[in-house]
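Novice: Attaching a single structure in structure tokens format; questions to follow.
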Amino acid sequence: MGRSISSTSSSISLIFVILLSVDLFGTSLRASATTQLVKNACDFCEVKDFCYNVLGENPEANRATSRYNLQDVTIKLAYSNYTNIHRKVLTITANEVDQTLKQMYKQCLHDYVLLKSDFDFIVHTLVTNGDMGQAIEGARTHLFACMSLFTQSPTSPNPFAQDNDNLAHFLELIRDISFIPLI
């Protein structure tokens, strides 16, 4: 009339093993999809783990055929990250009721507004083959101004700490890629 519990259990176990195998196969495919260009870039970078996390599984980065292409992809990813953080800083600042915190958040918001022109300059620097280290330094100045507000006032909550760290890693990654000895 119906299946026994043990045969149903065996079927479920078999399906689980198949699904587990497929996932492991997918993981090995993702790991092998990282191109030599991305590997060279990530191995050279100061933020190696961050590089592999961001670029290692990014299809556009793995289609890059030159340092220029890889930097372009990285700048686009960093800019997307920046715009998301900028929106978060704006939202948190607008909704903060504590006036002391609101002032700190407004200063960070100001620094993030200034970062927009820094990203424009980074793109211009890439296109004109300029000094990427100098372009990144300008952006780091504004980012670190926001970060330092919270180190000077360690008891104040910092809702942007992880976001600022990630953006700092992106800037480091862009700078490092410009100096890697690639083909």
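Chains: A, B, ... in order of the structure tokens. Residues: from 1 per chain. Ligands: from 1, in order shown.
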Excluding same-chain residues fewer than 4 positions from Lys102 (chain A), what lies within 12 Å of it counting only C-alpha atoms, as a list of chain:residue names?
Specialist: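 Neighbouring residues, sequence-local ones excluded: A:Val89, A:Leu90, A:Thr91, A:Ile92, A:Thr93, A:Ala94, A:Asn95, A:Glu96, A:Val97, A:Asp98, A:Lys106, A:Gln107, A:Cys108, A:Leu109, A:Ser156, A:Pro157, A:Asn158.
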Novice: Check the smallest atom-to-atom distance from each of A:Val123, A:Leu77, A:Cys45, A:Val113 to Arg175 (chain A) using only C-alpha atoms, then report the winner.
Specialist: A:Cys45
Novice: Would you pick out the contacts of region 147-155 of chain A at 10 Å or less, using only C-alpha atoms, so that residues sharing its chain but fewer than 2 positions from it are not included, and give the list as a ChimeraX atom specification?
Specialist: /A:104-105,107-108,111,141-145,157-161,164-165
Novice: Please produce a file of the residues just selected, as a short mmCIF file (atom, residue, chain, number, x, y, z; two decimals), in the first residue's frame, where the atoms kept are N, CA, C and O atoms.
Specialist:
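out17.cif, freshly written:
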```cif
data_model
loop_
_atom_site.label_atom_id
_atom_site.label_comp_id
_atom_site.auth_asym_id
_atom_site.auth_seq_id
_atom_site.Cartn_x
_atom_site.Cartn_y
_atom_site.Cartn_z
N MET A 104 28.07 64.40 15.05
CA MET A 104 29.12 63.49 14.56
C MET A 104 28.71 62.87 13.23
O MET A 104 29.50 62.80 12.29
N TYR A 105 27.47 62.41 13.17
CA TYR A 105 26.98 61.78 11.95
C TYR A 105 26.92 62.78 10.79
O TYR A 105 27.20 62.44 9.65
N GLN A 107 29.00 65.24 10.37
CA GLN A 107 30.37 65.39 9.89
C GLN A 107 30.75 64.22 8.99
O GLN A 107 31.38 64.42 7.95
N CYS A 108 30.36 63.02 9.38
CA CYS A 108 30.61 61.85 8.52
C CYS A 108 29.87 62.00 7.20
O CYS A 108 30.42 61.69 6.14
N ASP A 111 31.82 64.23 5.03
CA ASP A 111 32.97 63.53 4.47
C ASP A 111 32.55 62.60 3.33
O ASP A 111 33.25 62.49 2.32
N THR A 141 41.67 60.38 2.86
CA THR A 141 41.64 61.52 3.77
C THR A 141 40.23 61.78 4.28
O THR A 141 40.01 61.96 5.48
N HIS A 142 39.26 61.77 3.37
CA HIS A 142 37.87 62.02 3.78
C HIS A 142 37.29 60.85 4.55
O HIS A 142 36.57 61.04 5.54
N LEU A 143 37.60 59.64 4.13
CA LEU A 143 37.11 58.46 4.84
C LEU A 143 37.68 58.42 6.26
O LEU A 143 36.95 58.20 7.22
N PHE A 144 38.97 58.65 6.39
CA PHE A 144 39.59 58.59 7.71
C PHE A 144 39.15 59.74 8.61
O PHE A 144 39.17 59.61 9.83
N ALA A 145 38.73 60.85 8.01
CA ALA A 145 38.19 61.95 8.83
C ALA A 145 36.92 61.47 9.54
O ALA A 145 36.72 61.74 10.73
N PRO A 157 28.41 55.44 19.81
CA PRO A 157 28.15 54.31 18.91
C PRO A 157 28.54 54.67 17.47
O PRO A 157 28.30 55.79 17.02
N ASN A 158 29.16 53.73 16.80
CA ASN A 158 29.59 53.94 15.42
C ASN A 158 28.86 52.96 14.50
O ASN A 158 29.33 51.84 14.29
N PRO A 159 27.74 53.37 13.95
CA PRO A 159 26.98 52.47 13.08
C PRO A 159 27.63 52.29 11.71
O PRO A 159 27.14 51.50 10.90
N PHE A 160 28.73 52.98 11.45
CA PHE A 160 29.39 52.91 10.14
C PHE A 160 30.73 52.20 10.20
O PHE A 160 31.45 52.16 9.20
N ALA A 161 31.11 51.67 11.34
CA ALA A 161 32.46 51.12 11.53
C ALA A 161 32.80 50.06 10.47
O ALA A 161 33.82 50.18 9.79
N ASN A 164 32.91 51.60 6.95
CA ASN A 164 34.12 52.38 6.73
C ASN A 164 35.32 51.47 6.50
O ASN A 164 36.15 51.74 5.63
N ASP A 165 35.41 50.40 7.27
CA ASP A 165 36.51 49.45 7.09
C ASP A 165 36.48 48.83 5.70
O ASP A 165 37.51 48.70 5.04
#
```
Novice: Excluding region 166-169 of chain A and its own-chain neighbours fewer than 5 positions away, which residues fall within 10 Å of it when counting only C-alpha atoms? Please give them as a ChimeraX atom specification.
Specialist: /A:46-48,50-51,78-79,81-82,85,136,139-140,143-144,160-161,174-175
Novice: Could you dump the residues just selected with N, CA, C and O atoms as a PDB file, in the first residue's frame?
Specialist:
```pdb
ATOM      1  N   GLU A  46      47.716  44.082  -0.132  1.00  0.00           N
ATOM      2  CA  GLU A  46      47.765  44.101   1.334  1.00  0.00           C
ATOM      3  C   GLU A  46      46.485  43.519   1.934  1.00  0.00           C
ATOM      4  O   GLU A  46      46.496  43.033   3.059  1.00  0.00           O
ATOM      5  N   VAL A  47      45.391  43.607   1.200  1.00  0.00           N
ATOM      6  CA  VAL A  47      44.086  43.134   1.684  1.00  0.00           C
ATOM      7  C   VAL A  47      43.698  41.873   0.896  1.00  0.00           C
ATOM      8  O   VAL A  47      42.647  41.800   0.264  1.00  0.00           O
ATOM      9  N   LYS A  48      44.553  40.872   0.982  1.00  0.00           N
ATOM     10  CA  LYS A  48      44.438  39.654   0.177  1.00  0.00           C
ATOM     11  C   LYS A  48      43.083  38.952   0.347  1.00  0.00           C
ATOM     12  O   LYS A  48      42.423  38.630  -0.636  1.00  0.00           O
ATOM     13  N   PHE A  50      40.259  40.098   1.527  1.00  0.00           N
ATOM     14  CA  PHE A  50      39.203  40.978   1.018  1.00  0.00           C
ATOM     15  C   PHE A  50      39.165  40.919  -0.509  1.00  0.00           C
ATOM     16  O   PHE A  50      38.098  40.824  -1.111  1.00  0.00           O
ATOM     17  N   CYS A  51      40.315  40.953  -1.135  1.00  0.00           N
ATOM     18  CA  CYS A  51      40.407  40.893  -2.593  1.00  0.00           C
ATOM     19  C   CYS A  51      39.760  39.613  -3.123  1.00  0.00           C
ATOM     20  O   CYS A  51      38.945  39.653  -4.042  1.00  0.00           O
ATOM     21  N   ALA A  78      33.610  49.401  -5.739  1.00  0.00           N
ATOM     22  CA  ALA A  78      33.847  50.307  -4.613  1.00  0.00           C
ATOM     23  C   ALA A  78      32.853  51.460  -4.627  1.00  0.00           C
ATOM     24  O   ALA A  78      32.331  51.857  -3.580  1.00  0.00           O
ATOM     25  N   TYR A  79      32.560  51.975  -5.811  1.00  0.00           N
ATOM     26  CA  TYR A  79      31.619  53.091  -5.909  1.00  0.00           C
ATOM     27  C   TYR A  79      30.208  52.644  -5.506  1.00  0.00           C
ATOM     28  O   TYR A  79      29.491  53.372  -4.822  1.00  0.00           O
ATOM     29  N   ASN A  81      29.557  50.272  -3.404  1.00  0.00           N
ATOM     30  CA  ASN A  81      29.643  50.158  -1.946  1.00  0.00           C
ATOM     31  C   ASN A  81      29.545  51.532  -1.300  1.00  0.00           C
ATOM     32  O   ASN A  81      28.818  51.721  -0.324  1.00  0.00           O
ATOM     33  N   TYR A  82      30.258  52.495  -1.859  1.00  0.00           N
ATOM     34  CA  TYR A  82      30.223  53.873  -1.349  1.00  0.00           C
ATOM     35  C   TYR A  82      28.802  54.435  -1.370  1.00  0.00           C
ATOM     36  O   TYR A  82      28.354  55.030  -0.387  1.00  0.00           O
ATOM     37  N   ILE A  85      26.716  52.989   1.418  1.00  0.00           N
ATOM     38  CA  ILE A  85      27.103  53.540   2.726  1.00  0.00           C
ATOM     39  C   ILE A  85      26.614  54.975   2.854  1.00  0.00           C
ATOM     40  O   ILE A  85      26.104  55.378   3.904  1.00  0.00           O
ATOM     41  N   ILE A 136      43.847  57.922  -4.608  1.00  0.00           N
ATOM     42  CA  ILE A 136      43.326  57.148  -3.477  1.00  0.00           C
ATOM     43  C   ILE A 136      43.576  57.888  -2.176  1.00  0.00           C
ATOM     44  O   ILE A 136      42.735  57.888  -1.271  1.00  0.00           O
ATOM     45  N   ALA A 139      40.815  60.283  -1.304  1.00  0.00           N
ATOM     46  CA  ALA A 139      39.610  59.608  -0.799  1.00  0.00           C
ATOM     47  C   ALA A 139      39.836  59.109   0.625  1.00  0.00           C
ATOM     48  O   ALA A 139      38.948  59.220   1.483  1.00  0.00           O
ATOM     49  N   ARG A 140      41.007  58.579   0.880  1.00  0.00           N
ATOM     50  CA  ARG A 140      41.306  58.073   2.231  1.00  0.00           C
ATOM     51  C   ARG A 140      41.261  59.196   3.260  1.00  0.00           C
ATOM     52  O   ARG A 140      40.842  58.983   4.397  1.00  0.00           O
ATOM     53  N   LEU A 143      37.601  59.642   4.127  1.00  0.00           N
ATOM     54  CA  LEU A 143      37.107  58.462   4.839  1.00  0.00           C
ATOM     55  C   LEU A 143      37.680  58.419   6.257  1.00  0.00           C
ATOM     56  O   LEU A 143      36.946  58.199   7.216  1.00  0.00           O
ATOM     57  N   PHE A 144      38.968  58.655   6.391  1.00  0.00           N
ATOM     58  CA  PHE A 144      39.591  58.592   7.709  1.00  0.00           C
ATOM     59  C   PHE A 144      39.146  59.742   8.605  1.00  0.00           C
ATOM     60  O   PHE A 144      39.167  59.609   9.830  1.00  0.00           O
ATOM     61  N   PHE A 160      28.732  52.983  11.447  1.00  0.00           N
ATOM     62  CA  PHE A 160      29.387  52.914  10.138  1.00  0.00           C
ATOM     63  C   PHE A 160      30.735  52.204  10.199  1.00  0.00           C
ATOM     64  O   PHE A 160      31.453  52.159   9.198  1.00  0.00           O
ATOM     65  N   ALA A 161      31.115  51.667  11.343  1.00  0.00           N
ATOM     66  CA  ALA A 161      32.457  51.115  11.529  1.00  0.00           C
ATOM     67  C   ALA A 161      32.803  50.064  10.472  1.00  0.00           C
ATOM     68  O   ALA A 161      33.824  50.183   9.788  1.00  0.00           O
ATOM     69  N   ILE A 174      42.163  49.062  -4.790  1.00  0.00           N
ATOM     70  CA  ILE A 174      42.320  49.835  -6.033  1.00  0.00           C
ATOM     71  C   ILE A 174      43.759  50.333  -6.158  1.00  0.00           C
ATOM     72  O   ILE A 174      44.383  50.229  -7.222  1.00  0.00           O
ATOM     73  N   ARG A 175      44.293  50.875  -5.075  1.00  0.00           N
ATOM     74  CA  ARG A 175      45.675  51.378  -5.089  1.00  0.00           C
ATOM     75  C   ARG A 175      46.658  50.249  -5.373  1.00  0.00           C
ATOM     76  O   ARG A 175      47.549  50.378  -6.216  1.00  0.00           O
TER      77      ARG A 175
END
```
Novice: Using DSSP assignments from the backbone, pull out every residue in region 111-163 of chain A that falls under helix (DSSP H, G or I) and give it to me as an MDAnalysis selection string.
Specialist: chainID A and resid 111:128 132:152 161:163
Novice: Can you work out which one of A:Phe179, A:Asp118, A:Phe170, A:Phe44 has the shortest atom-to-atom distance to Ser80 (chain A), counting only C-alpha atoms?
Specialist: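 The closest residue to Ser80 (chain A) is A:Phe170.
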Novice: Can you tell me how far CA of Glu60 (chain A) sits from CA of Cys42 (chain A), in Å to one decimal?
Specialist: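 It comes out at 15.3 Å.
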Novice: Excluding Leu55 (chain A) and any residue of its chain fewer than 5 positions from it, enumerate the residues within 8 Å of it, using only C-alpha atoms, and give them as a list in words.
Specialist: Val38, Ala61, Asn62 and Thr74 of chain A
